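Notes follow once the structure below has been shown.
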Amino acid sequence: MMDAFESFGLLMNNRIVRTPLAIASMAGTVDAAYVLERADHIGVAFIGGYSIDQRTMDAAKAICAEGGRKEFLYEDPVEELKKQMAHMKTSTVVLGLNLRGSTPDSFSTIAQSLGENVVYEVDAHCRQPAMVAAGCGEHYLKKPGELMAVVRALKSENVTVSVKIRAGISADDRLLARKLWQSGADILHIDLMDFGSAKLRQIRNSCPLMLIANNSINTFERMREMFSHGADVVSLARKSDTHTLSGLDAAITRYAREEGWYNSPKQLCRGGDIRALTFCCMPVKECPLLPTLTRIDMPKEAYIQMKMDTVKGSPLENGNQTCFGSLAWCCKTSSPCMFRDMTLKQLGLSKKEYMRLKHDLSDTIMSRIFHDVPPDESC
Ligand SMILES: Cc1cc2nc3c(=O)[nH]c(=O)nc-3n(C[C@H](O)[C@H](O)[C@H](O)COP(=O)(O)O)c2cc1C
Ligand code: SF4
Ligand code: SF4
């Protein structure tokens, strides 16, 4: 597992994530047995959705009775979830429970019974009419105040909280992400529908939450597109077969070992998210850097100081022969440059190590940008 931490540096619920690949829930299908069959190829799994109170359990029964869809049915959700968790006990897969509940109390009660060893994922995604009428799933995206109350209730039990949403339903996904951050959520799991990476980038630029991108991410190209626009993890549901998962796992593991930063952003001027400030030059010309600094309310001088302070004492401080006198301002390795490469050679630094250092710089930049929880903003 330390190898995996070297490659991806990912922790979820205080556990190392072996690979940034997750199984997303499918009601009636994705349970512990489903996950264990695929466990060698994934890092995280959200089993469920499981209904956790009478209203949602009745809704699940109604959906099954209509004959259209499968659901997990039981009389005692705690007993069922404990059974599922017991199956996963020795697995290296980080486990999340995708839960349908209609009140904050339903969620806090379940967390009191099941404890801290799982991630609690609020299903704010389901659009089955019976579930929405029961006051969960997509209902929460129309009533963000209720969703925030659920998140706060779970956080008061000291557990890790993910929220699964469908993009384009809330009045403003960026604002929703900021409100979730403000309410204490840890993870935002986004079904991007047809909005793609542009939507993901907007959300990445709005909050520091761990982001899981979802919807038709079934090829390495699509996976990398999501990683280069802000995803920390990608998830699959319908194509979560062993063949697809093992191919993606192998490809991203190889990429991380070769390149040093598995979810490196595109440069800002090529459509990258704000993590790409790590690759930006000094603010000396008209380019996307200046409007970005304005948007995040960071004066040019503060940006320069922040980068210089962060690289002080690290190999990135060097670079007399580079455009701005320090590797702090240098481009991504995918942009060819003999001056940067000459400096790296003199320092005995591989391109992979350079990218790792740029990753560290980006993490510091992100924590500086998002160091304060925002004041109350209404959705
Ligand atoms: C049959 C089926 C059941 C699903 N059940 C759930 C669920 O219970 N909770 C949830 O958050 N998402 C549920 N989803 C949504 C998936 O997790 C996922 O967001 C969606 O299928 C898009 O991802 P994909 O393209 O990888 O399948 C379900 C999807 C399908 C196809
Ligand atoms: S500062 Fe350089 S890398 Fe950043 S947006 Fe401008 S030209 Fe692109
Ligand atoms: S020296 Fe090369 S890598 Fe560094 S800023 Fe100039 S062009 Fe970019």
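Letters A, B, ... mark the chains of the structure tokens in the order given; residue numbers begin at 1 per chain; ligand numbers begin at 1, in order shown.
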
Please identify the residues whose atoms come within 8 Å of ligand 2, using only C-alpha atoms and all ligand atoms, and report them as number ranges by chain. A: 267-270, 276-277, 279-290, 331

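Where the distance criterion is 7 Å and the atoms used are only C-alpha atoms and all ligand atoms, the residues close to ligand 3 are Cys281, Thr322, Cys323, Phe324, Leu327, Trp329, Cys330, Cys331, Lys332, Cys337, Met338, Phe339 and Arg340 of chain A.
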
8 Å from ligand 1 is the threshold here; counting only C-alpha atoms and all ligand atoms, which polymer residues fall inside it? Answer as a VMD selection string. chain A and resid 23 to 29 48 to 50 69 to 71 98 to 100 122 to 126 137 164 to 166 190 to 191 193 214 to 218 235 to 240

Would you mind exporting the chosen residues as a compact mmCIF listing (two decimals), in the first residue's frame, restricted to N, CA, C and O atoms?
```
# COMPACT_ATOMS: atom_id res chain seq x y z
N ILE A 23 -16.02 2.24 -7.63
CA ILE A 23 -17.30 1.73 -8.15
C ILE A 23 -18.39 2.63 -7.57
O ILE A 23 -18.41 2.88 -6.36
N ALA A 24 -19.26 3.13 -8.45
CA ALA A 24 -20.40 3.94 -7.99
C ALA A 24 -21.60 3.01 -7.79
O ALA A 24 -21.72 1.98 -8.45
N SER A 25 -22.48 3.42 -6.89
CA SER A 25 -23.57 2.53 -6.49
C SER A 25 -24.60 2.31 -7.60
O SER A 25 -24.83 3.17 -8.46
N MET A 26 -25.20 1.13 -7.57
CA MET A 26 -26.38 0.82 -8.39
C MET A 26 -27.32 0.03 -7.48
O MET A 26 -26.99 -1.09 -7.06
N ALA A 27 -28.45 0.64 -7.17
CA ALA A 27 -29.39 0.01 -6.22
C ALA A 27 -29.75 -1.39 -6.69
O ALA A 27 -29.99 -1.62 -7.88
N GLY A 28 -29.75 -2.31 -5.75
CA GLY A 28 -30.13 -3.68 -6.06
C GLY A 28 -29.01 -4.50 -6.68
O GLY A 28 -29.15 -5.70 -6.89
N THR A 29 -27.87 -3.86 -6.98
CA THR A 29 -26.77 -4.57 -7.67
C THR A 29 -25.44 -4.48 -6.93
O THR A 29 -24.77 -5.48 -6.68
N GLY A 48 -24.69 0.18 -2.47
CA GLY A 48 -26.03 0.74 -2.31
C GLY A 48 -26.66 1.05 -3.65
O GLY A 48 -26.21 0.54 -4.68
N GLY A 49 -27.65 1.98 -3.65
CA GLY A 49 -28.14 2.72 -2.52
C GLY A 49 -28.99 1.88 -1.58
O GLY A 49 -29.80 1.07 -2.02
N TYR A 50 -28.78 2.18 -0.29
CA TYR A 50 -29.55 1.53 0.78
C TYR A 50 -30.51 2.56 1.40
O TYR A 50 -30.08 3.66 1.76
N ARG A 69 -37.30 -1.55 -11.64
CA ARG A 69 -35.90 -1.51 -11.21
C ARG A 69 -35.66 -2.38 -10.00
O ARG A 69 -36.56 -2.65 -9.21
N LYS A 70 -34.38 -2.76 -9.86
CA LYS A 70 -34.00 -3.56 -8.69
C LYS A 70 -33.71 -2.62 -7.51
O LYS A 70 -33.24 -1.50 -7.71
N GLU A 71 -33.98 -3.09 -6.32
CA GLU A 71 -33.65 -2.34 -5.10
C GLU A 71 -33.18 -3.35 -4.06
O GLU A 71 -33.50 -4.54 -4.15
N ASN A 98 -23.81 4.27 0.12
CA ASN A 98 -24.69 5.24 -0.54
C ASN A 98 -26.07 5.09 0.09
O ASN A 98 -26.69 4.02 0.02
N LEU A 99 -26.54 6.15 0.75
CA LEU A 99 -27.71 6.02 1.62
C LEU A 99 -28.86 6.94 1.21
O LEU A 99 -28.65 8.12 0.89
N ARG A 100 -30.05 6.37 1.25
CA ARG A 100 -31.26 7.18 1.01
C ARG A 100 -32.00 7.35 2.32
O ARG A 100 -32.50 6.37 2.88
N VAL A 122 -24.40 10.58 1.02
CA VAL A 122 -25.80 10.98 0.94
C VAL A 122 -26.23 10.88 -0.52
O VAL A 122 -25.63 11.52 -1.39
N ASP A 123 -27.24 10.09 -0.79
CA ASP A 123 -27.76 9.98 -2.15
C ASP A 123 -28.66 11.19 -2.43
O ASP A 123 -29.82 11.21 -2.03
N ALA A 124 -28.08 12.20 -3.08
CA ALA A 124 -28.86 13.36 -3.54
C ALA A 124 -28.98 13.27 -5.06
O ALA A 124 -29.05 14.29 -5.75
N HIS A 125 -28.96 12.07 -5.57
CA HIS A 125 -28.85 11.81 -7.00
C HIS A 125 -30.08 11.13 -7.57
O HIS A 125 -30.52 11.44 -8.69
N CYS A 126 -30.68 10.22 -6.80
CA CYS A 126 -31.75 9.37 -7.33
C CYS A 126 -32.93 10.21 -7.83
O CYS A 126 -33.40 11.10 -7.14
N GLY A 137 -32.85 11.64 -2.40
CA GLY A 137 -32.36 11.72 -3.78
C GLY A 137 -32.37 13.16 -4.26
O GLY A 137 -32.03 14.09 -3.54
N LYS A 164 -23.45 12.60 -3.15
CA LYS A 164 -23.54 12.23 -4.57
C LYS A 164 -24.61 13.09 -5.23
O LYS A 164 -25.78 13.08 -4.82
N ILE A 165 -24.20 13.85 -6.25
CA ILE A 165 -25.15 14.74 -6.93
C ILE A 165 -25.17 14.45 -8.43
O ILE A 165 -24.25 13.84 -8.97
N ARG A 166 -26.21 14.95 -9.05
CA ARG A 166 -26.28 14.94 -10.50
C ARG A 166 -26.10 16.40 -10.94
O ARG A 166 -26.81 17.30 -10.44
N ILE A 190 -19.76 13.52 -8.25
CA ILE A 190 -20.59 14.24 -9.24
C ILE A 190 -20.86 13.39 -10.47
O ILE A 190 -19.93 13.06 -11.22
N ASP A 191 -22.14 13.09 -10.69
CA ASP A 191 -22.55 12.53 -11.98
C ASP A 191 -22.62 13.72 -12.93
O ASP A 191 -23.53 14.57 -12.83
N MET A 193 -23.30 13.94 -16.01
CA MET A 193 -24.28 13.84 -17.11
C MET A 193 -23.56 14.23 -18.43
O MET A 193 -22.50 13.74 -18.69
N ASN A 214 -17.93 11.28 -12.28
CA ASN A 214 -18.69 10.08 -12.69
C ASN A 214 -19.50 10.39 -13.94
O ASN A 214 -19.89 11.52 -14.17
N ASN A 215 -19.73 9.42 -14.69
CA ASN A 215 -20.60 9.29 -15.87
C ASN A 215 -19.80 8.98 -17.13
O ASN A 215 -19.07 9.82 -17.66
N SER A 216 -19.92 7.75 -17.53
CA SER A 216 -19.33 7.26 -18.79
C SER A 216 -17.82 7.45 -18.84
O SER A 216 -17.27 7.72 -19.91
N ILE A 217 -17.16 7.31 -17.70
CA ILE A 217 -15.69 7.45 -17.70
C ILE A 217 -15.12 6.04 -17.87
O ILE A 217 -14.60 5.44 -16.94
N ASN A 218 -15.22 5.55 -19.08
CA ASN A 218 -14.94 4.14 -19.34
C ASN A 218 -13.65 3.91 -20.13
O ASN A 218 -13.31 2.76 -20.40
N SER A 235 -15.27 7.45 -10.95
CA SER A 235 -16.08 6.26 -10.59
C SER A 235 -16.86 5.75 -11.79
O SER A 235 -17.18 6.50 -12.71
N LEU A 236 -17.13 4.45 -11.74
CA LEU A 236 -17.90 3.79 -12.80
C LEU A 236 -19.03 3.00 -12.16
O LEU A 236 -18.85 2.38 -11.11
N ALA A 237 -20.16 3.01 -12.82
CA ALA A 237 -21.28 2.17 -12.38
C ALA A 237 -21.59 1.14 -13.46
O ALA A 237 -21.21 -0.02 -13.35
N ARG A 238 -22.24 1.58 -14.55
CA ARG A 238 -22.73 0.60 -15.54
C ARG A 238 -21.61 -0.23 -16.15
O ARG A 238 -21.79 -1.40 -16.44
N LYS A 239 -20.43 0.37 -16.35
CA LYS A 239 -19.32 -0.40 -16.95
C LYS A 239 -18.32 -0.86 -15.89
O LYS A 239 -17.12 -0.99 -16.19
N SER A 240 -18.79 -1.10 -14.68
CA SER A 240 -17.85 -1.52 -13.64
C SER A 240 -17.62 -3.04 -13.71
O SER A 240 -17.76 -3.74 -12.72
```

Skipping near chain neighbours, those fewer than 6 positions away, what residues fall within 10 Å of A:Glu146 using only C-alpha atoms, listed as a PyMOL selection string? chain A and resi 102-104+135-136+139-140+152

Those same residues - N, CA, C and O atoms - I'd like them written as an mmCIF file, in the first residue's frame.
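The file below, out00.cif, is the result:
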```
data_model
loop_
_atom_site.group_PDB
_atom_site.id
_atom_site.type_symbol
_atom_site.label_atom_id
_atom_site.label_comp_id
_atom_site.auth_asym_id
_atom_site.auth_seq_id
_atom_site.Cartn_x
_atom_site.Cartn_y
_atom_site.Cartn_z
ATOM 1 N N SER A 102 -34.618 10.318 4.668
ATOM 2 C CA SER A 102 -35.480 11.481 4.449
ATOM 3 C C SER A 102 -35.339 12.556 5.523
ATOM 4 O O SER A 102 -35.921 13.627 5.380
ATOM 5 N N THR A 103 -34.554 12.280 6.574
ATOM 6 C CA THR A 103 -34.363 13.318 7.602
ATOM 7 C C THR A 103 -32.906 13.285 8.094
ATOM 8 O O THR A 103 -32.248 12.239 8.003
ATOM 9 N N PRO A 104 -32.430 14.397 8.659
ATOM 10 C CA PRO A 104 -31.081 14.399 9.239
ATOM 11 C C PRO A 104 -30.940 13.316 10.314
ATOM 12 O O PRO A 104 -29.910 12.639 10.397
ATOM 13 N N GLY A 135 -38.704 12.283 -0.105
ATOM 14 C CA GLY A 135 -37.872 13.353 0.461
ATOM 15 C C GLY A 135 -36.395 13.045 0.451
ATOM 16 O O GLY A 135 -35.635 13.547 1.287
ATOM 17 N N CYS A 136 -35.928 12.240 -0.515
ATOM 18 C CA CYS A 136 -34.473 12.041 -0.625
ATOM 19 C C CYS A 136 -34.066 12.096 -2.088
ATOM 20 O O CYS A 136 -34.833 12.556 -2.946
ATOM 21 N N HIS A 139 -34.504 15.273 -4.503
ATOM 22 C CA HIS A 139 -35.227 16.228 -3.643
ATOM 23 C C HIS A 139 -34.236 17.177 -2.953
ATOM 24 O O HIS A 139 -34.493 18.374 -2.826
ATOM 25 N N TYR A 140 -33.111 16.603 -2.517
ATOM 26 C CA TYR A 140 -32.137 17.412 -1.770
ATOM 27 C C TYR A 140 -31.484 18.496 -2.635
ATOM 28 O O TYR A 140 -31.016 19.503 -2.115
ATOM 29 N N ARG A 152 -24.615 18.264 8.079
ATOM 30 C CA ARG A 152 -24.220 18.704 9.430
ATOM 31 C C ARG A 152 -24.531 17.621 10.470
ATOM 32 O O ARG A 152 -23.752 17.381 11.392
#
```

Restricting to only C-alpha atoms, whichever of A:Ala4, A:Gly68, A:Leu147, A:Asn117 is closest to A:Arg254 is A:Ala4

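Among the candidates A:Ala130, A:Leu347, A:Asp31, A:Tyr262, the one nearest to A:Lys61 when counting only C-alpha atoms is A:Ala130.
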
What separation in Å, quoted to one decimal, exists between atom CA of A:Val44 and atom CA of A:Val132?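 Between atom CA of A:Val44 and atom CA of A:Val132 the gap is 26.7 Å.
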
Quick one, how far is atom CA of A:Val311 from atom CA of A:Met342? 18.9 Å

For A:Gly271, find every residue with an atom within 12 Å (counting only C-alpha atoms), except residues of its own chain fewer than 5 positions away, and show them as a list of chain:residue names.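 With the cut-off at 12 Å, the set is A:Ser197, A:Ala198, A:Lys199, A:Leu200, A:Arg201, A:Gln202, A:Asn205, A:Glu225, A:Ser228, A:His229, A:Gly230, A:Pro265, A:Lys266, A:Ala276, A:Leu277, A:Cys287, A:Pro288, A:Leu289, A:Thr292.
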
Now that the selection is made, can you save its residues with all heavy atoms as a compact mmCIF listing (two decimals), in the first residue's frame?
```txt
# COMPACT_ATOMS: atom_id res chain seq x y z
N SER A 197 -16.14 17.85 -18.65
CA SER A 197 -15.07 18.36 -17.81
C SER A 197 -15.17 19.86 -17.54
O SER A 197 -14.60 20.35 -16.56
CB SER A 197 -13.71 18.02 -18.45
OG SER A 197 -13.67 18.46 -19.77
N ALA A 198 -15.92 20.60 -18.37
CA ALA A 198 -16.04 22.05 -18.12
C ALA A 198 -16.75 22.28 -16.78
O ALA A 198 -16.37 23.15 -15.98
CB ALA A 198 -16.81 22.71 -19.26
N LYS A 199 -17.78 21.48 -16.52
CA LYS A 199 -18.52 21.58 -15.25
C LYS A 199 -17.62 21.20 -14.08
O LYS A 199 -17.60 21.84 -13.03
CB LYS A 199 -19.75 20.66 -15.32
CG LYS A 199 -20.51 20.51 -14.05
CD LYS A 199 -21.27 21.75 -13.63
CE LYS A 199 -22.57 21.89 -14.38
NZ LYS A 199 -23.36 23.06 -13.95
N LEU A 200 -16.83 20.14 -14.29
CA LEU A 200 -15.93 19.68 -13.22
C LEU A 200 -14.93 20.79 -12.86
O LEU A 200 -14.68 21.06 -11.68
CB LEU A 200 -15.19 18.42 -13.71
CG LEU A 200 -14.20 17.80 -12.76
CD1 LEU A 200 -14.90 17.28 -11.50
CD2 LEU A 200 -13.46 16.65 -13.44
N ARG A 201 -14.40 21.44 -13.89
CA ARG A 201 -13.42 22.50 -13.68
C ARG A 201 -14.04 23.65 -12.86
O ARG A 201 -13.42 24.17 -11.93
CB ARG A 201 -12.96 23.01 -15.04
CG ARG A 201 -12.02 24.16 -15.02
CD ARG A 201 -11.52 24.41 -16.42
NE ARG A 201 -10.81 25.65 -16.50
CZ ARG A 201 -11.37 26.81 -16.83
NH1 ARG A 201 -12.65 26.87 -17.10
NH2 ARG A 201 -10.63 27.90 -16.88
N GLN A 202 -15.29 24.00 -13.18
CA GLN A 202 -15.97 25.07 -12.43
C GLN A 202 -16.06 24.69 -10.95
O GLN A 202 -15.83 25.52 -10.07
CB GLN A 202 -17.40 25.24 -12.93
CG GLN A 202 -17.53 25.93 -14.25
CD GLN A 202 -19.00 26.03 -14.67
OE1 GLN A 202 -19.88 25.40 -14.07
NE2 GLN A 202 -19.26 26.82 -15.68
N ASN A 205 -12.77 24.82 -9.18
CA ASN A 205 -12.34 26.19 -8.90
C ASN A 205 -13.16 26.83 -7.78
O ASN A 205 -12.89 27.98 -7.41
CB ASN A 205 -12.46 27.04 -10.17
CG ASN A 205 -11.40 26.68 -11.19
OD1 ASN A 205 -10.48 25.91 -10.89
ND2 ASN A 205 -11.51 27.21 -12.39
N GLU A 225 -8.92 13.03 -18.89
CA GLU A 225 -9.59 14.32 -19.09
C GLU A 225 -10.18 14.80 -17.75
O GLU A 225 -10.07 15.97 -17.39
CB GLU A 225 -10.69 14.16 -20.15
CG GLU A 225 -11.31 15.48 -20.54
CD GLU A 225 -12.61 15.30 -21.31
OE1 GLU A 225 -12.83 14.22 -21.87
OE2 GLU A 225 -13.40 16.27 -21.30
N SER A 228 -7.38 15.81 -15.38
CA SER A 228 -6.71 17.07 -15.72
C SER A 228 -7.63 18.27 -15.56
O SER A 228 -7.21 19.41 -15.78
CB SER A 228 -6.12 17.01 -17.14
OG SER A 228 -7.16 16.88 -18.06
N HIS A 229 -8.90 18.04 -15.18
CA HIS A 229 -9.81 19.16 -14.91
C HIS A 229 -10.28 19.15 -13.46
O HIS A 229 -11.29 19.76 -13.14
CB HIS A 229 -11.01 19.11 -15.86
CG HIS A 229 -10.64 19.49 -17.26
ND1 HIS A 229 -10.19 18.58 -18.19
CD2 HIS A 229 -10.62 20.70 -17.90
CE1 HIS A 229 -9.93 19.20 -19.32
NE2 HIS A 229 -10.18 20.48 -19.18
N GLY A 230 -9.59 18.41 -12.59
CA GLY A 230 -9.87 18.59 -11.16
C GLY A 230 -10.31 17.36 -10.39
O GLY A 230 -10.47 17.44 -9.17
N PRO A 265 -3.07 19.07 -13.68
CA PRO A 265 -4.00 19.87 -14.50
C PRO A 265 -3.36 20.26 -15.83
O PRO A 265 -2.14 20.27 -15.97
CB PRO A 265 -4.22 21.11 -13.64
CG PRO A 265 -2.98 21.24 -12.82
CD PRO A 265 -2.47 19.84 -12.59
N LYS A 266 -4.19 20.62 -16.79
CA LYS A 266 -3.68 21.28 -17.99
C LYS A 266 -3.18 22.66 -17.57
O LYS A 266 -3.61 23.18 -16.55
CB LYS A 266 -4.83 21.50 -18.98
CG LYS A 266 -5.28 20.26 -19.71
CD LYS A 266 -6.44 20.62 -20.61
CE LYS A 266 -6.93 19.43 -21.38
NZ LYS A 266 -5.95 18.87 -22.31
N ALA A 276 -3.53 24.68 -11.71
CA ALA A 276 -2.52 24.96 -12.73
C ALA A 276 -1.72 26.23 -12.44
O ALA A 276 -0.74 26.51 -13.14
CB ALA A 276 -3.18 25.05 -14.10
N LEU A 277 -2.09 26.99 -11.41
CA LEU A 277 -1.26 28.15 -11.04
C LEU A 277 0.16 27.70 -10.74
O LEU A 277 1.11 28.48 -10.85
CB LEU A 277 -1.86 28.86 -9.82
CG LEU A 277 -3.16 29.65 -10.07
CD1 LEU A 277 -3.73 30.16 -8.76
CD2 LEU A 277 -2.91 30.80 -11.04
N CYS A 287 -2.84 37.41 -20.24
CA CYS A 287 -3.12 36.00 -20.45
C CYS A 287 -4.12 35.57 -19.38
O CYS A 287 -4.45 36.37 -18.50
CB CYS A 287 -1.82 35.17 -20.38
SG CYS A 287 -1.19 35.04 -18.71
N PRO A 288 -4.61 34.34 -19.39
CA PRO A 288 -5.66 33.96 -18.41
C PRO A 288 -5.24 34.07 -16.94
O PRO A 288 -6.09 34.02 -16.05
CB PRO A 288 -5.96 32.51 -18.78
CG PRO A 288 -5.60 32.39 -20.22
CD PRO A 288 -4.42 33.28 -20.40
N LEU A 289 -3.93 34.23 -16.66
CA LEU A 289 -3.51 34.32 -15.26
C LEU A 289 -4.16 35.52 -14.55
O LEU A 289 -4.67 35.39 -13.44
CB LEU A 289 -1.97 34.41 -15.17
CG LEU A 289 -1.41 34.67 -13.78
CD1 LEU A 289 -1.79 33.56 -12.80
CD2 LEU A 289 0.11 34.82 -13.83
N THR A 292 -7.74 35.22 -13.66
CA THR A 292 -7.89 34.17 -12.63
C THR A 292 -7.54 34.73 -11.26
O THR A 292 -8.26 34.50 -10.27
CB THR A 292 -6.98 32.96 -12.96
OG1 THR A 292 -7.38 32.45 -14.22
CG2 THR A 292 -7.11 31.86 -11.93
```

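By only C-alpha atoms, and with residues fewer than 4 positions from A:Asp172 along its chain excluded, the set lying at most 10 Å from it is Leu141, Ala167, Gly168, Leu176, Ala177 and Cys379 of chain A.
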
Among stretch 92-218 of chain A, which residues does DSSP mark as strand (DSSP E) when it is run on the backbone? Keep the chain and numbering as in the structure and answer as number ranges by chain. A: 94-100, 119-124, 160-166, 187-191, 210-214

Apply DSSP to the structure's backbone, then extract all residues of stretch 124-365 of chain A labelled helix (DSSP H, G or I) and return them as a PyMOL selection string. chain A and resi 129-133+139-142+144-155+173-183+196-204+220-227+242-259+268-270+274-279+289-295+300-311+315-317+327-329+338-347+351-365

What does the distance from atom CA of A:Ser113 to atom CA of A:Ala33 come to in Å, to one decimal?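 Value for the atom CA of A:Ser113-atom CA of A:Ala33 distance: 21.9 Å.
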
For A:Asn14, please output as a PyMOL selection string all residues within 12 Å (counting only C-alpha atoms; exclusion window: fewer than 4 positions along the same chain). chain A and resi 9-10+94-95+116-119+159-160+186

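Ranking A:Met226, A:Ala65, A:Ala328, A:Ala302 by their shortest atom-to-atom distance to A:Leu192, with only C-alpha atoms included, puts A:Met226 first.
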
Option closest in space to A:Gly247, from A:Glu317, A:Glu75, A:Glu66, A:Glu221 [counting only C-alpha atoms]: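 Among A:Glu317, A:Glu75, A:Glu66, A:Glu221, it is A:Glu221 that comes nearest to A:Gly247.
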
Quick one: of A:Glu138, A:Glu121, A:Asp232, A:Glu157, who's nearest to A:Gly43, counting only C-alpha atoms?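 Smallest separation from A:Gly43 among the options: A:Asp232.
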
Find, counting only C-alpha atoms, the residue in A:Gly184, A:Gly101, A:Gly145, A:Pro291 that gets nearest to A:Ala133. A:Gly101

Selection near A:Asp249, 7 Å with only C-alpha atoms, sequence-local residues under 6 positions removed, as a list in words: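 Final neighbour list, sorted by chain and number: Thr19, Leu21 and His41 of chain A.
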